[in-house]
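Source file: query25.txt; contents: compact mmCIF, C-alpha atoms and all ligand atoms.
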```txt
# COMPACT_ATOMS: atom_id res chain seq x y z
CA MET R 1 -4.27 -4.03 -60.72
CA ALA R 2 -5.26 -0.48 -59.81
CA MET R 3 -2.88 1.55 -57.65
CA SER R 4 -5.34 4.14 -56.42
CA PHE R 5 -6.23 2.84 -52.95
CA SER R 6 -6.46 5.79 -50.65
CA ALA R 7 -6.86 6.04 -46.91
CA SER R 8 -10.45 7.15 -47.52
CA VAL R 9 -11.49 3.77 -48.98
CA ASP R 10 -13.70 2.27 -46.37
CA LEU R 11 -14.83 -1.22 -45.52
CA SER R 12 -18.56 -1.35 -46.21
CA ASP R 13 -20.91 -3.50 -44.13
CA LYS R 14 -21.38 -5.77 -47.13
CA GLU R 15 -17.61 -6.19 -47.57
CA PHE R 16 -17.21 -6.86 -43.85
CA GLU R 17 -19.84 -9.61 -44.13
CA MET R 18 -18.04 -11.15 -47.10
CA PHE R 19 -14.76 -11.32 -45.16
CA ARG R 20 -16.56 -12.50 -42.03
CA ASP R 21 -18.09 -15.44 -43.94
CA LEU R 22 -14.80 -16.29 -45.63
CA VAL R 23 -12.83 -16.21 -42.37
CA PHE R 24 -15.46 -18.33 -40.63
CA LYS R 25 -15.50 -20.88 -43.45
CA LYS R 26 -11.71 -21.18 -43.55
CA SER R 27 -10.78 -20.99 -39.86
CA GLY R 28 -13.87 -21.21 -37.67
CA ILE R 29 -12.99 -17.75 -36.33
CA SER R 30 -16.20 -15.92 -35.64
CA LEU R 31 -15.97 -12.16 -36.25
CA HIS R 32 -18.88 -10.35 -34.66
CA GLU R 33 -19.95 -6.82 -35.58
CA GLY R 34 -17.52 -5.29 -33.07
CA LYS R 35 -14.57 -6.70 -35.06
CA LYS R 36 -15.22 -4.54 -38.11
CA GLU R 37 -12.51 -2.05 -37.13
CA LEU R 38 -10.01 -4.87 -36.60
CA VAL R 39 -10.81 -6.27 -40.05
CA ARG R 40 -10.57 -2.80 -41.60
CA THR R 41 -7.12 -2.08 -40.18
CA ARG R 42 -5.56 -5.51 -40.48
CA LEU R 43 -6.81 -6.19 -44.00
CA GLY R 44 -6.33 -2.57 -45.01
CA ALA R 45 -2.60 -3.17 -44.81
CA LEU R 46 -2.91 -6.07 -47.28
CA VAL R 47 -5.22 -4.09 -49.54
CA ARG R 48 -2.68 -1.25 -49.71
CA LYS R 49 0.29 -3.57 -50.12
CA GLY R 50 -1.39 -5.35 -53.05
CA GLY R 51 -2.47 -2.07 -54.67
CA PHE R 52 -6.17 -3.01 -54.71
CA LYS R 53 -8.65 -0.20 -55.16
CA SER R 54 -11.21 -1.65 -52.77
CA TYR R 55 -11.66 -4.35 -50.14
CA LYS R 56 -14.02 -6.08 -52.55
CA GLU R 57 -11.36 -6.29 -55.23
CA TYR R 58 -8.94 -7.78 -52.69
CA TYR R 59 -11.65 -10.24 -51.58
CA HIS R 60 -12.13 -11.58 -55.11
CA PHE R 61 -8.38 -11.84 -55.58
CA VAL R 62 -8.13 -14.00 -52.43
CA GLU R 63 -11.14 -16.09 -53.40
CA ASN R 64 -9.77 -16.84 -56.87
CA ASP R 65 -6.24 -17.62 -55.75
CA LYS R 66 -5.81 -21.33 -56.45
CA THR R 67 -2.49 -21.52 -54.57
CA GLU R 68 -4.30 -20.63 -51.29
CA MET R 69 -1.29 -18.44 -50.39
CA GLU R 70 -3.53 -15.39 -50.16
CA ILE R 71 -6.02 -16.93 -47.77
CA VAL R 72 -3.07 -17.96 -45.59
CA SER R 73 -1.87 -14.33 -45.49
CA LEU R 74 -5.38 -13.10 -44.80
CA LEU R 75 -5.81 -15.51 -41.88
CA ASP R 76 -2.32 -14.62 -40.62
CA ALA R 77 -3.45 -11.00 -40.51
CA ILE R 78 -6.77 -11.73 -38.81
CA SER R 79 -5.69 -14.16 -36.11
CA THR R 80 -4.72 -12.92 -32.67
CA ASN R 81 -1.49 -14.53 -31.56
CA LEU R 82 -0.94 -13.13 -28.09
CA THR R 83 0.95 -15.60 -25.91
CA SER R 84 3.74 -15.86 -23.35
CA PHE R 85 5.97 -18.39 -21.61
CA PHE R 86 4.24 -20.21 -18.73
CA ARG R 87 1.04 -18.29 -19.41
CA GLU R 88 -1.64 -19.21 -16.87
CA PRO R 89 0.88 -20.80 -14.49
CA SER R 90 -1.66 -22.88 -12.54
CA HIS R 91 -1.89 -25.16 -15.59
CA PHE R 92 1.83 -25.87 -15.32
CA THR R 93 1.43 -26.60 -11.61
CA PHE R 94 -1.38 -29.04 -12.43
CA LEU R 95 0.80 -30.61 -15.10
CA THR R 96 3.66 -31.05 -12.63
CA GLU R 97 1.65 -32.21 -9.64
CA THR R 98 -1.10 -34.26 -11.26
CA ILE R 99 -0.79 -35.04 -14.95
CA ILE R 100 2.87 -36.06 -15.13
CA PRO R 101 2.75 -38.42 -12.10
CA GLN R 102 -0.44 -40.03 -13.48
CA ILE R 103 1.09 -40.55 -16.93
CA VAL R 104 4.22 -42.07 -15.42
CA GLU R 105 2.26 -44.39 -13.16
CA SER R 106 -0.22 -45.62 -15.76
CA LYS R 107 2.35 -46.04 -18.52
CA ARG R 108 4.76 -47.85 -16.22
CA ALA R 109 2.02 -50.37 -15.51
CA THR R 110 1.55 -51.11 -19.22
CA GLY R 111 5.18 -50.73 -20.31
CA ASP R 112 4.18 -48.10 -22.86
CA LYS R 113 7.02 -45.58 -23.24
CA ASP R 114 5.34 -43.24 -25.72
CA VAL R 115 3.94 -39.95 -24.50
CA ARG R 116 2.22 -37.65 -26.97
CA VAL R 117 1.26 -34.08 -26.14
CA TRP R 118 -0.53 -31.52 -28.32
CA SER R 119 -0.30 -27.77 -28.09
CA ALA R 120 -3.20 -26.84 -30.39
CA GLY R 121 -3.04 -23.18 -31.41
CA CYS R 122 0.58 -22.85 -30.29
CA SER R 123 1.17 -19.36 -31.72
CA SER R 124 4.86 -18.35 -31.66
CA GLY R 125 5.92 -21.34 -29.56
CA GLU R 126 5.97 -20.09 -25.98
CA GLU R 127 3.33 -22.62 -24.91
CA PRO R 128 4.92 -25.80 -26.36
CA TYR R 129 8.39 -24.73 -25.17
CA SER R 130 6.98 -24.17 -21.66
CA LEU R 131 5.51 -27.69 -21.87
CA ALA R 132 8.87 -29.10 -22.95
CA PHE R 133 10.72 -27.39 -20.07
CA THR R 134 8.13 -28.65 -17.56
CA LEU R 135 8.27 -32.21 -18.86
CA MET R 136 12.07 -32.19 -18.88
CA ASP R 137 12.18 -30.86 -15.33
CA HIS R 138 9.49 -33.02 -13.78
CA MET R 139 9.32 -36.29 -15.64
CA GLU R 140 11.85 -38.56 -14.02
CA THR R 141 14.16 -40.36 -16.42
CA ILE R 142 12.61 -38.55 -19.37
CA GLN R 143 15.48 -39.73 -21.53
CA THR R 144 14.18 -43.30 -21.26
CA TRP R 145 10.74 -42.22 -22.53
CA ASN R 146 9.71 -41.28 -26.03
CA VAL R 147 8.07 -37.92 -25.38
CA LYS R 148 6.90 -35.85 -28.34
CA ILE R 149 5.03 -32.57 -28.43
CA LEU R 150 3.00 -31.70 -31.50
CA ALA R 151 2.59 -27.93 -31.79
CA THR R 152 0.17 -26.69 -34.42
CA ASP R 153 -1.25 -23.42 -35.60
CA LEU R 154 -3.10 -21.99 -38.55
CA SER R 155 -0.76 -19.05 -38.96
CA THR R 156 2.40 -19.65 -40.97
CA GLN R 157 3.96 -16.44 -39.63
CA VAL R 158 3.85 -17.48 -35.99
CA LEU R 159 4.99 -21.00 -36.83
CA GLU R 160 8.13 -19.61 -38.47
CA MET R 161 8.94 -17.76 -35.26
CA ALA R 162 8.16 -20.83 -33.17
CA LYS R 163 10.44 -23.08 -35.22
CA LYS R 164 13.34 -20.66 -34.80
CA GLY R 165 12.94 -20.65 -31.02
CA LEU R 166 14.60 -17.23 -30.90
CA TYR R 167 13.06 -14.66 -28.56
CA LYS R 168 13.81 -11.05 -27.67
CA ASP R 169 14.85 -10.63 -24.05
CA ASP R 170 11.61 -8.86 -23.10
CA ARG R 171 9.72 -12.08 -23.99
CA VAL R 172 11.76 -14.13 -21.53
CA LYS R 173 12.40 -11.64 -18.75
CA ALA R 174 9.58 -12.93 -16.51
CA MET R 175 10.90 -16.48 -16.74
CA PRO R 176 12.49 -18.03 -13.64
CA GLN R 177 16.26 -17.55 -13.94
CA ASN R 178 17.01 -21.26 -13.50
CA ILE R 179 14.79 -22.14 -16.50
CA LEU R 180 16.36 -19.39 -18.56
CA ARG R 181 19.87 -20.61 -17.79
CA LYS R 182 19.00 -24.25 -18.30
CA TYR R 183 17.00 -24.09 -21.52
CA PHE R 184 18.18 -20.98 -23.38
CA GLN R 185 21.39 -19.75 -24.95
CA LYS R 186 21.98 -16.03 -24.58
CA GLY R 187 22.67 -14.37 -27.90
CA VAL R 188 26.01 -12.65 -28.39
CA LYS R 189 27.31 -10.19 -30.99
CA ASP R 190 24.69 -9.95 -33.77
CA ASN R 191 22.21 -11.87 -31.63
CA SER R 192 22.66 -9.89 -28.45
CA GLY R 193 19.36 -9.02 -26.80
CA THR R 194 17.92 -12.40 -27.76
CA TYR R 195 17.66 -15.88 -26.28
CA ARG R 196 17.55 -19.12 -28.24
CA VAL R 197 15.90 -22.30 -26.97
CA ARG R 198 18.47 -25.06 -26.55
CA PRO R 199 18.27 -27.96 -29.04
CA GLU R 200 17.37 -30.55 -26.35
CA ALA R 201 14.04 -28.82 -25.79
CA GLN R 202 13.53 -27.96 -29.44
CA GLN R 203 13.98 -31.57 -30.50
CA MET R 204 10.96 -32.66 -28.48
CA ILE R 205 8.62 -30.50 -30.54
CA SER R 206 7.24 -30.83 -34.08
CA PHE R 207 5.77 -27.59 -35.38
CA LYS R 208 3.14 -28.06 -38.08
CA ARG R 209 0.52 -25.98 -39.80
CA PHE R 210 -2.84 -27.53 -39.02
CA ASN R 211 -6.33 -26.10 -39.23
CA LEU R 212 -8.45 -27.16 -36.28
CA MET R 213 -11.46 -26.98 -38.61
CA ASP R 214 -10.19 -29.98 -40.58
CA PRO R 215 -12.94 -32.58 -40.35
CA THR R 216 -10.51 -35.35 -39.48
CA PHE R 217 -7.60 -35.34 -37.08
CA PRO R 218 -5.08 -37.63 -38.77
CA PHE R 219 -2.93 -38.63 -35.80
CA HIS R 220 -1.52 -42.14 -35.40
CA LYS R 221 -1.06 -42.03 -31.64
CA LYS R 222 -3.43 -40.73 -29.02
CA PHE R 223 -2.45 -37.80 -26.82
CA SER R 224 -1.93 -37.95 -23.07
CA PHE R 225 -3.01 -34.34 -22.83
CA ILE R 226 -3.96 -31.41 -25.03
CA PHE R 227 -3.45 -27.73 -24.31
CA CYS R 228 -5.89 -25.73 -26.41
CA ARG R 229 -5.86 -22.42 -24.62
CA ASN R 230 -7.16 -19.07 -25.78
CA VAL R 231 -8.09 -20.47 -29.16
CA MET R 232 -11.72 -21.55 -28.83
CA ILE R 233 -12.59 -18.10 -27.55
CA TYR R 234 -12.62 -17.05 -31.21
CA PHE R 235 -15.09 -19.80 -32.21
CA ASP R 236 -18.85 -19.91 -31.81
CA LYS R 237 -20.48 -22.61 -29.64
CA PRO R 238 -21.37 -25.07 -32.46
CA THR R 239 -17.77 -24.85 -33.74
CA GLN R 240 -16.41 -25.37 -30.22
CA GLN R 241 -18.67 -28.39 -29.77
CA LYS R 242 -17.41 -30.09 -32.93
CA LEU R 243 -13.80 -29.37 -31.95
CA ILE R 244 -14.25 -30.69 -28.42
CA ALA R 245 -15.68 -33.95 -29.80
CA LYS R 246 -12.62 -34.34 -32.04
CA TYR R 247 -10.29 -33.69 -29.08
CA TYR R 248 -12.13 -36.36 -27.11
CA ASN R 249 -11.49 -38.90 -29.86
CA VAL R 250 -7.75 -38.24 -30.10
CA LEU R 251 -7.07 -38.41 -26.35
CA GLU R 252 -6.00 -41.53 -24.51
CA PRO R 253 -8.44 -42.83 -21.89
CA ASN R 254 -8.04 -40.54 -18.84
CA GLY R 255 -6.30 -37.94 -21.02
CA TYR R 256 -6.66 -34.26 -20.16
CA LEU R 257 -7.88 -31.23 -22.07
CA LEU R 258 -6.84 -27.80 -20.77
CA ILE R 259 -8.48 -24.66 -22.08
CA GLY R 260 -7.78 -20.97 -21.41
CA HIS R 261 -8.76 -19.28 -18.17
CA SER R 262 -11.24 -17.00 -19.90
CA GLU R 263 -12.87 -19.96 -21.67
CA SER R 264 -15.43 -22.50 -20.54
CA LEU R 265 -17.36 -25.41 -21.99
CA THR R 266 -20.63 -24.11 -20.60
CA GLY R 267 -23.31 -24.49 -23.25
CA VAL R 268 -21.20 -27.03 -25.16
CA LYS R 269 -22.32 -30.68 -25.14
CA HIS R 270 -19.37 -32.96 -24.46
CA GLN R 271 -18.33 -36.25 -22.87
CA PHE R 272 -15.49 -34.92 -20.72
CA LYS R 273 -15.44 -35.14 -16.97
CA TYR R 274 -15.09 -31.71 -15.39
CA ILE R 275 -12.08 -31.65 -13.04
CA LYS R 276 -11.89 -27.96 -12.20
CA PRO R 277 -12.30 -24.70 -14.10
CA THR R 278 -10.56 -25.02 -17.51
CA ILE R 279 -9.43 -28.63 -16.87
CA TYR R 280 -11.34 -31.62 -18.31
CA ARG R 281 -10.61 -35.32 -18.44
CA LYS R 282 -11.65 -38.07 -20.81
CA SER R 283 -13.58 -40.66 -18.83
C1 LIG R 301 -4.22 -16.21 -28.71
S1 LIG R 301 -3.28 -17.46 -29.48
C2 LIG R 301 -3.11 -18.63 -28.15
C3 LIG R 301 -1.69 -19.13 -28.00
C4 LIG R 301 -1.46 -20.08 -26.82
N1 LIG R 301 -2.27 -21.25 -26.92
C5 LIG R 301 -1.69 -19.37 -25.51
O1 LIG R 301 -2.68 -19.63 -24.84
O2 LIG R 301 -0.87 -18.52 -25.15
C6 LIG R 301 -4.51 -18.24 -30.53
C7 LIG R 301 -3.89 -19.03 -31.68
O3 LIG R 301 -4.90 -19.86 -32.27
C8 LIG R 301 -4.63 -19.94 -33.65
N2 LIG R 301 -5.84 -20.36 -34.38
C9 LIG R 301 -6.99 -19.67 -34.57
N3 LIG R 301 -7.83 -20.37 -35.33
C10 LIG R 301 -7.21 -21.54 -35.62
C11 LIG R 301 -7.58 -22.69 -36.39
N4 LIG R 301 -8.75 -22.77 -37.02
N5 LIG R 301 -6.69 -23.70 -36.49
C12 LIG R 301 -5.49 -23.62 -35.87
N6 LIG R 301 -5.08 -22.57 -35.13
C13 LIG R 301 -5.94 -21.54 -35.01
C14 LIG R 301 -4.18 -18.52 -34.00
O4 LIG R 301 -3.44 -18.48 -35.21
C15 LIG R 301 -3.36 -18.13 -32.77
O5 LIG R 301 -1.98 -18.33 -32.95
```
What would the structure in this file look like if it were written as structure tokens?
Ligand SMILES: C[S@@+](CC[C@H](N)C(=O)[O-])C[C@H]1O[C@@H](n2cnc3c(N)ncnc32)[C@H](O)[C@@H]1O
Amino acid sequence: MAMSFSASVDLSDKEFEMFRDLVFKKSGISLHEGKKELVRTRLGALVRKGGFKSYKEYYHFVENDKTEMEIVSLLDAISTNLTSFFREPSHFTFLTETIIPQIVESKRATGDKDVRVWSAGCSSGEEPYSLAFTLMDHMETIQTWNVKILATDLSTQVLEMAKKGLYKDDRVKAMPQNILRKYFQKGVKDNSGTYRVRPEAQQMISFKRFNLMDPTFPFHKKFSFIFCRNVMIYFDKPTQQKLIAKYYNVLEPNGYLLIGHSESLTGVKHQFKYIKPTIYRKS
């Protein structure tokens, strides 16, 4: 492997197209022309680290890697993982005031005690933990229910962080103090300046690597609701449409799909009933 990569090595249009096609094929993430600089900087770090003399050489290395470890690193570098606790708070209000009471009422009527929730594109865990705190706070007698949150992402890096449940204090500082006290342990000594999610909340969540582009969603139980927020924004409309159809199939009747506030299903054919902006329900 050559060691002569210099800062002057540029990403040609042809190389950008090769990476764009590869990323799209593997993740559904659609990189338009304006993302060339992002690809150049984020992959440039991997090119330098691996000692490749060009982006093209790195591309072929990734393509020929049978272990798939390299494509995982490439997608880790490309994906945007921005998130925060209780992001887009109106969704948590809707969860508290509408979704939870409806789940409790309908499941009580049938005697079904299983509640399945999916945080699809969970990033470093702030979203599924916020769901766990909300369910624990607002679902009466939660201990008598079997509530499980599946939290999935493509990126192995963010999933490692999510599983640890350990956050620097600037990530939790906007959180209501009562939630912080109730669901986090403040780090001391070597861990000072950090907060760790308490095991009761952590135990509700299974973190798994899962690619939303997988043709089949292999879940045994249907979900009461799915949060897939700020993920589809990276996909083109045909990809969104296929994904939305798969979500529809894995939701319980009357189950909810919540998408990010900057997203919409306009231009996407689907069977969901529109409830209000960013909130859809299986009919
Ligand atoms: C901006 S974050 C959103 C995190 C969280 N849902 C929120 O709204 O705060 C988008 C996440 O989607 C994940 N993602 C992108 N493409 C994916 C795919 N094909 N399968 C699974 N996750 C994907 C990224 O790795 C990233 O962590």
Atom CA of R:His32 to atom CA of R:Arg20, straight-line distance in Å:
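Atom CA of R:His32 lies at a distance of 8.0 Å from atom CA of R:Arg20.
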Select, from R:Ile179, R:Met232, R:Leu31, R:Leu166, the residue with the minimum atom-to-atom distance to ligand LIG 301 (chain R), counting all atoms listed in the file.
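Smallest distance to ligand LIG 301 (chain R) is found for R:Met232.
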Which residues are near ligand LIG 301 (chain R) - at most 8 Å, using all atoms listed in the file? Format: as a PyMOL selection string.
chain R and resi 26-29+75-76+79-85+87+119-127+152-155+158+209-213+227-232+234-235+260
Taking all atoms listed in the file into account, name the residue in R:Gly50, R:Leu74, R:Asn191, R:Phe86 that is nearest to R:Ala174.
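Residue with the minimum atom-to-atom distance to R:Ala174: R:Phe86.
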Just want the 12 Å neighbourhood of R:Glu17, counted on only C-alpha atoms, with same-chain residues fewer than 3 positions away dropped. Output as a PyMOL selection string.
chain R and resi 11-14+20-24+30-33+35-36+39-40+55-56+59
Hey, which of R:Gln271, R:Thr194, R:Lys276, R:Lys113 ends up closest to R:Thr141? Count all atoms listed in the file.
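Closest candidate: R:Lys113.
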Between R:Ser54, R:Asp10, R:Val172, R:Tyr256, which residue has the minimum interatomic distance to R:Glu37, considering only C-alpha atoms?
R:Asp10
Length of the atom CA of R:Val62 to atom CA of R:Pro218 vector [Å]
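Atom CA of R:Pro218 lies 27.5 Å from atom CA of R:Val62.
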For R:Leu46, find every residue with an atom within 10 Å (counting only C-alpha atoms), except residues of its own chain fewer than 5 positions away, and show them as a compact mmCIF listing (two decimals) with C-alpha atoms, in the coordinates of the input.
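Produced file around.txt, reproduced below:
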```
# COMPACT_ATOMS: atom_id res chain seq x y z
CA THR R 41 -7.12 -2.08 -40.18
CA GLY R 51 -2.47 -2.07 -54.67
CA PHE R 52 -6.17 -3.01 -54.71
CA TYR R 55 -11.66 -4.35 -50.14
CA TYR R 58 -8.94 -7.78 -52.69
CA GLU R 70 -3.53 -15.39 -50.16
CA SER R 73 -1.87 -14.33 -45.49
CA LEU R 74 -5.38 -13.10 -44.80
CA ALA R 77 -3.45 -11.00 -40.51
```
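Using all atoms listed in the file for every distance, the candidate list R:Thr266, R:Ser283, R:Gln177, R:Ser90 yields R:Ser283 as the residue closest to R:Tyr248.
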Compare R:Ala245, R:Thr110, R:Val117, R:Glu105 by their minimum atom-to-atom distance to R:Glu140, counting all atoms listed in the file, and give me the closest one.
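Among the listed residues, the smallest separation from R:Glu140 belongs to R:Glu105.
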Record the distance separating atom CA of R:Arg181 and atom CA of R:Gln202, expressed in Å with one decimal.
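If I compute the distance from atom CA of R:Arg181 to atom CA of R:Gln202, I get 15.2 Å.
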Show which residues sit within 7 Å of R:Leu251, as a list in words. Count all atoms listed in the file, and ignore same-chain residues fewer than 5 positions away.
Lys222, Phe223, Ser224 and Phe225 of chain R
Could you make a table, as a Markdown table, of the residues of stretch 71-106 of chain R that have an atom within 12 Å of an atom of stretch 130-135 of chain R, each with its nearest atom pair and distance in Å to one decimal, counting all atoms listed in the file, in chain and number order?
```
| residue | atom | partner | partner_atom | distance |
| --- | --- | --- | --- | --- |
| R:Thr83 | CA | R:Ser130 | CA | 11.3 |
| R:Ser84 | CA | R:Ser130 | CA | 9.1 |
| R:Phe85 | CA | R:Ser130 | CA | 5.9 |
| R:Phe86 | CA | R:Ser130 | CA | 5.6 |
| R:Arg87 | CA | R:Ser130 | CA | 8.7 |
| R:Glu88 | CA | R:Ser130 | CA | 11.0 |
| R:Pro89 | CA | R:Ser130 | CA | 10.0 |
| R:His91 | CA | R:Leu131 | CA | 10.0 |
| R:Phe92 | CA | R:Thr134 | CA | 7.2 |
| R:Thr93 | CA | R:Thr134 | CA | 9.2 |
| R:Phe94 | CA | R:Thr134 | CA | 10.8 |
| R:Leu95 | CA | R:Thr134 | CA | 8.0 |
| R:Thr96 | CA | R:Thr134 | CA | 7.1 |
| R:Glu97 | CA | R:Thr134 | CA | 10.8 |
| R:Ile99 | CA | R:Leu135 | CA | 10.3 |
| R:Ile100 | CA | R:Leu135 | CA | 7.6 |
| R:Pro101 | CA | R:Leu135 | CA | 10.7 |
| R:Ile103 | CA | R:Leu135 | CA | 11.2 |
| R:Val104 | CA | R:Leu135 | CA | 11.2 |
```
Could you write out that same residue set with C-alpha atoms as an mmCIF file, keeping the file's coordinate frame?
```cif
data_model
loop_
_atom_site.group_PDB
_atom_site.id
_atom_site.type_symbol
_atom_site.label_atom_id
_atom_site.label_comp_id
_atom_site.auth_asym_id
_atom_site.auth_seq_id
_atom_site.Cartn_x
_atom_site.Cartn_y
_atom_site.Cartn_z
ATOM 1 C CA THR R 83 0.950 -15.600 -25.910
ATOM 2 C CA SER R 84 3.740 -15.860 -23.350
ATOM 3 C CA PHE R 85 5.970 -18.390 -21.610
ATOM 4 C CA PHE R 86 4.240 -20.210 -18.730
ATOM 5 C CA ARG R 87 1.040 -18.290 -19.410
ATOM 6 C CA GLU R 88 -1.640 -19.210 -16.870
ATOM 7 C CA PRO R 89 0.880 -20.800 -14.490
ATOM 8 C CA HIS R 91 -1.890 -25.160 -15.590
ATOM 9 C CA PHE R 92 1.830 -25.870 -15.320
ATOM 10 C CA THR R 93 1.430 -26.600 -11.610
ATOM 11 C CA PHE R 94 -1.380 -29.040 -12.430
ATOM 12 C CA LEU R 95 0.800 -30.610 -15.100
ATOM 13 C CA THR R 96 3.660 -31.050 -12.630
ATOM 14 C CA GLU R 97 1.650 -32.210 -9.640
ATOM 15 C CA ILE R 99 -0.790 -35.040 -14.950
ATOM 16 C CA ILE R 100 2.870 -36.060 -15.130
ATOM 17 C CA PRO R 101 2.750 -38.420 -12.100
ATOM 18 C CA ILE R 103 1.090 -40.550 -16.930
ATOM 19 C CA VAL R 104 4.220 -42.070 -15.420
#
```
Within 7 Å of R:Ile149 using all atoms listed in the file, minus same-chain residues under 2 positions, as JSON, numbers by chain:
{"R": [116, 117, 118, 147, 151, 204, 205, 206]}
